[in-house]
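Beneath this line is the structure, given in structure tokens, with notes to follow.
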Amino acid sequence: MTAMLEARNLSVSYGKLTAVKDVSFAVEEGKIATIIGPNGAGKTTLLKALIGQLPSVGTITYGGADFGKTEVEARVERGVVLVPETRELFTDMVVADNLLLGAYVHRRKAAQVKEDFDRVYELFPRLRERRAQLAGTLSGGERQMLALGRALMGRPRLLMLDEPSLGLAPLIVREIFRIIAKLGEEGVTMLLVEQNARAALETADYGYVLESGELVHQGQASDLMRDPKVMATYLGRSAS
Ligand code: ATP
């Protein structure tokens with residue numbers, strides 16, 4: 001198994017506060033890895049360090065090469081795309097134009113961009129229906145679809161998702177995770193960060209549990225779902 005992304009002994013601090021402590025993990029090519037953990041565990045901080053928005057101590061390797069000092073733009077150019085928790089859509093632009101902007105992280109031929117539009121609209125028929133609507137007027141679920149669709153327009157090699165279920169109704173969460181699973185089946189490598197442990201573990205191949213900045217459990221996602229300690233803490237069931 002080849003690791004597409006590997007972090008070794010990674011720490012990230014805000015001044016005196018160390019939000020991520022000595023964390024090591026890997027994302028295998030063609031697999032979905034998830035990092036689950038409660039509010040404030042350091043999940044967003046970790047993703048920001050991986051994309052290069054925050055400085056970190058330790059090693060980040062991507063495709064076998066050192067990645068730790070690479071600029072944000074160069075990371076994106078090499079196929080690492082983050083869908084942030086805040087979605088960061090251009091709210092005063094229509095759906096189709098938001099998607100188009102996602103295509104221009106690389107220099108692309110018009111025919112390829114057309115292909116990507118078709119693929120995204122096939123995955124999200126709702127976005128096709130709403131293509132002429134301002135992004136700012138979309139529902140929460142549609143915004144998450146647009147954020148995902150925009151990331152896919154850049155044909156990512158590694159897609160990092162920060163809490164795609166945040167603020168969404170259970171039915172919409174299921175729909176978003178169905179699409180994440182479908183992308184996984186198509187071979188898109190993903191790092192999925194979630195508070196919704198059940199949805200994340202059901203979808204991922206491998207899981208890590210982050211607590212107060214430290215990794216406290218890891219294993220095959222299906223094993224973690226059966227682990228009484230993980231179950232009790234994160235899945236709201238008793239350990240017995
Ligand atoms: P959530 O699920 O609530 O988004 P999280 O697991 O993503 O939580 P982080 O946002 O990474 O957690 O925060 C980890 C810790 O770092 C928290 O204690 C938070 O208060 C702190 N923190 C986050 N951003 C900053 C910042 N810019 N300056 C100082 N401390 C910060």
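Labels for the structure tokens follow display order: chains A, B, ..., residues from 1 in each chain, ligands from 1.
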- Query: as a count of residues only, which residues of stretch 63-152 of chain A does DSSP assign to alpha helix (DSSP H)?
  - Reply: 47
- Please give me, as JSON, numbers by chain, the residues lying within 9 Å of ligand 1 when counting only C-alpha atoms and all ligand atoms. {"A": [13, 14, 15, 16, 17, 18, 19, 20, 36, 37, 38, 39, 40, 41, 42, 43, 44, 45, 46, 47, 48, 85, 162, 163, 166, 193, 194, 195, 210, 211, 212, 213]}
Write the residues of the preceding selection, restricted to C-alpha atoms, as a compact mmCIF listing (two decimals), in the first residue's frame.
```
# COMPACT_ATOMS: atom_id res chain seq x y z
CA SER A 13 0.53 25.78 17.71
CA TYR A 14 -1.26 29.09 18.12
CA GLY A 15 1.27 30.95 20.23
CA LYS A 16 1.51 29.05 23.50
CA LEU A 17 -1.43 26.77 22.73
CA THR A 18 -0.46 23.56 20.95
CA ALA A 19 -3.67 22.56 19.14
CA VAL A 20 -2.20 19.49 17.38
CA ILE A 36 -12.97 12.01 13.88
CA GLY A 37 -13.08 13.97 17.09
CA PRO A 38 -15.20 16.35 19.14
CA ASN A 39 -15.42 20.16 18.99
CA GLY A 40 -12.04 21.79 19.43
CA ALA A 41 -10.06 18.55 19.03
CA GLY A 42 -7.82 20.24 16.46
CA LYS A 43 -9.32 18.83 13.26
CA THR A 44 -9.53 22.10 11.31
CA THR A 45 -6.11 23.15 12.57
CA LEU A 46 -4.64 19.90 11.26
CA LEU A 47 -6.18 20.39 7.80
CA LYS A 48 -4.94 23.98 7.66
CA GLU A 85 -15.80 23.96 6.95
CA ASP A 162 -13.62 19.55 6.69
CA GLU A 163 -16.88 18.49 8.36
CA LEU A 166 -21.80 20.45 9.58
CA VAL A 193 -12.54 15.20 8.97
CA GLU A 194 -15.76 14.80 10.93
CA GLN A 195 -17.56 15.16 14.21
CA LEU A 210 -8.34 12.92 17.64
CA GLU A 211 -8.88 14.16 21.18
CA SER A 212 -7.46 17.44 22.55
CA GLY A 213 -4.95 17.53 19.70
```
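On the backbone of this structure, DSSP gives strand (DSSP E or B) within stretch 35-136 of chain A to A:Ile35, A:Ile36, A:Val57, A:Gly58, A:Thr59, A:Ile60, A:Thr61, A:Tyr62, A:Ala65, A:Asp66, A:Val80, A:Val81, A:Leu82, A:Val83, A:Val94, A:Leu134.
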- Task: Considering only C-alpha atoms, state which residue in the set A:Gly136, A:Val188, A:Leu54, A:Ala65 is at the smallest distance from A:Thr91.
- Result: A:Gly136
- Residues near stretch 107-116 of chain A, cut-off 10 Å, only C-alpha atoms, skip fewer than 6 positions along chain, as JSON, numbers by chain: {"A": [77, 99, 100, 122, 149, 150, 152, 153, 154, 155]}
- Query: With distances taken over only C-alpha atoms, which of A:Thr59, A:Gly52, A:Gly64, A:Val230 is nearest to A:Ala197?
  - Reply: A:Val230
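When only C-alpha atoms are used to measure the gap to A:Thr137, the shortest distance among A:Ala33, A:Leu159, A:Met93, A:Ala199 belongs to A:Met93.
Minimum distance to A:Pro125 across A:Leu146, A:Thr189, A:Gly79, A:Gly140 (counting only C-alpha atoms) occurs at A:Leu146.
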Selection: 6 Å around stretch 214-218 of chain A, only C-alpha atoms, excl. self and same-chain fewer than 6 positions, as a PDB file with C-alpha atoms, in the first residue's frame:
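To be explicit, this is the file written out as selection13.pdb:
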```pdb
ATOM      1  CA  LYS A  21       0.355  17.425  19.277  1.00  0.00           C
ATOM      2  CA  GLY A 207     -10.031   5.967  10.894  1.00  0.00           C
ATOM      3  CA  TYR A 208      -8.178   8.019  13.456  1.00  0.00           C
TER       4      TYR A 208
END
```
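Here atom CA of A:Arg119 is placed at a distance of 18.0 Å from atom CA of A:Met190.
Restricting the calculation to only C-alpha atoms, the smallest distance between A:Val95 and any of A:Pro55, A:Gln144, A:Ala49, A:Val23 is found for A:Gln144.
Distances from A:Val76, A:Leu161, A:Val120, A:Val209 to A:Thr233 were compared using only C-alpha atoms, and the smallest one belongs to A:Val209.
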- Message: as an MDAnalysis selection string, please: the residues near A:Ser165 (cut-off 8 Å, only C-alpha atoms, same-chain neighbours under 6 positions excluded).
- Response: chainID A and resid 173 176 194 196
- Point-to-point distance from atom CA of A:Gln133 to atom CA of A:Gly167, Å rounded to tenths: 21.4 Å
Output as a tab-separated table one row per residue of stretch 28-98 of chain A within 9 Å of stretch 1-11 of chain A: the closest atom pair and its distance in Å to one decimal place, counting only C-alpha atoms, sorted by chain and residue number ascending.
```
residue	atom	partner	partner_atom	distance
A:Glu28	CA	A:Ala3	CA	4.1
A:Glu29	CA	A:Met4	CA	5.1
A:Gly30	CA	A:Met4	CA	8.6
A:Leu46	CA	A:Ser11	CA	8.5
A:Ala49	CA	A:Leu10	CA	9.0
A:Leu50	CA	A:Ala7	CA	8.5
A:Ser56	CA	A:Ser11	CA	5.7
A:Val57	CA	A:Ser11	CA	5.1
A:Gly58	CA	A:Leu10	CA	4.4
A:Thr59	CA	A:Arg8	CA	5.0
A:Ile60	CA	A:Ala7	CA	4.5
A:Thr61	CA	A:Glu6	CA	5.0
A:Tyr62	CA	A:Leu5	CA	4.5
A:Gly63	CA	A:Met4	CA	5.0
A:Gly64	CA	A:Met4	CA	7.2
```
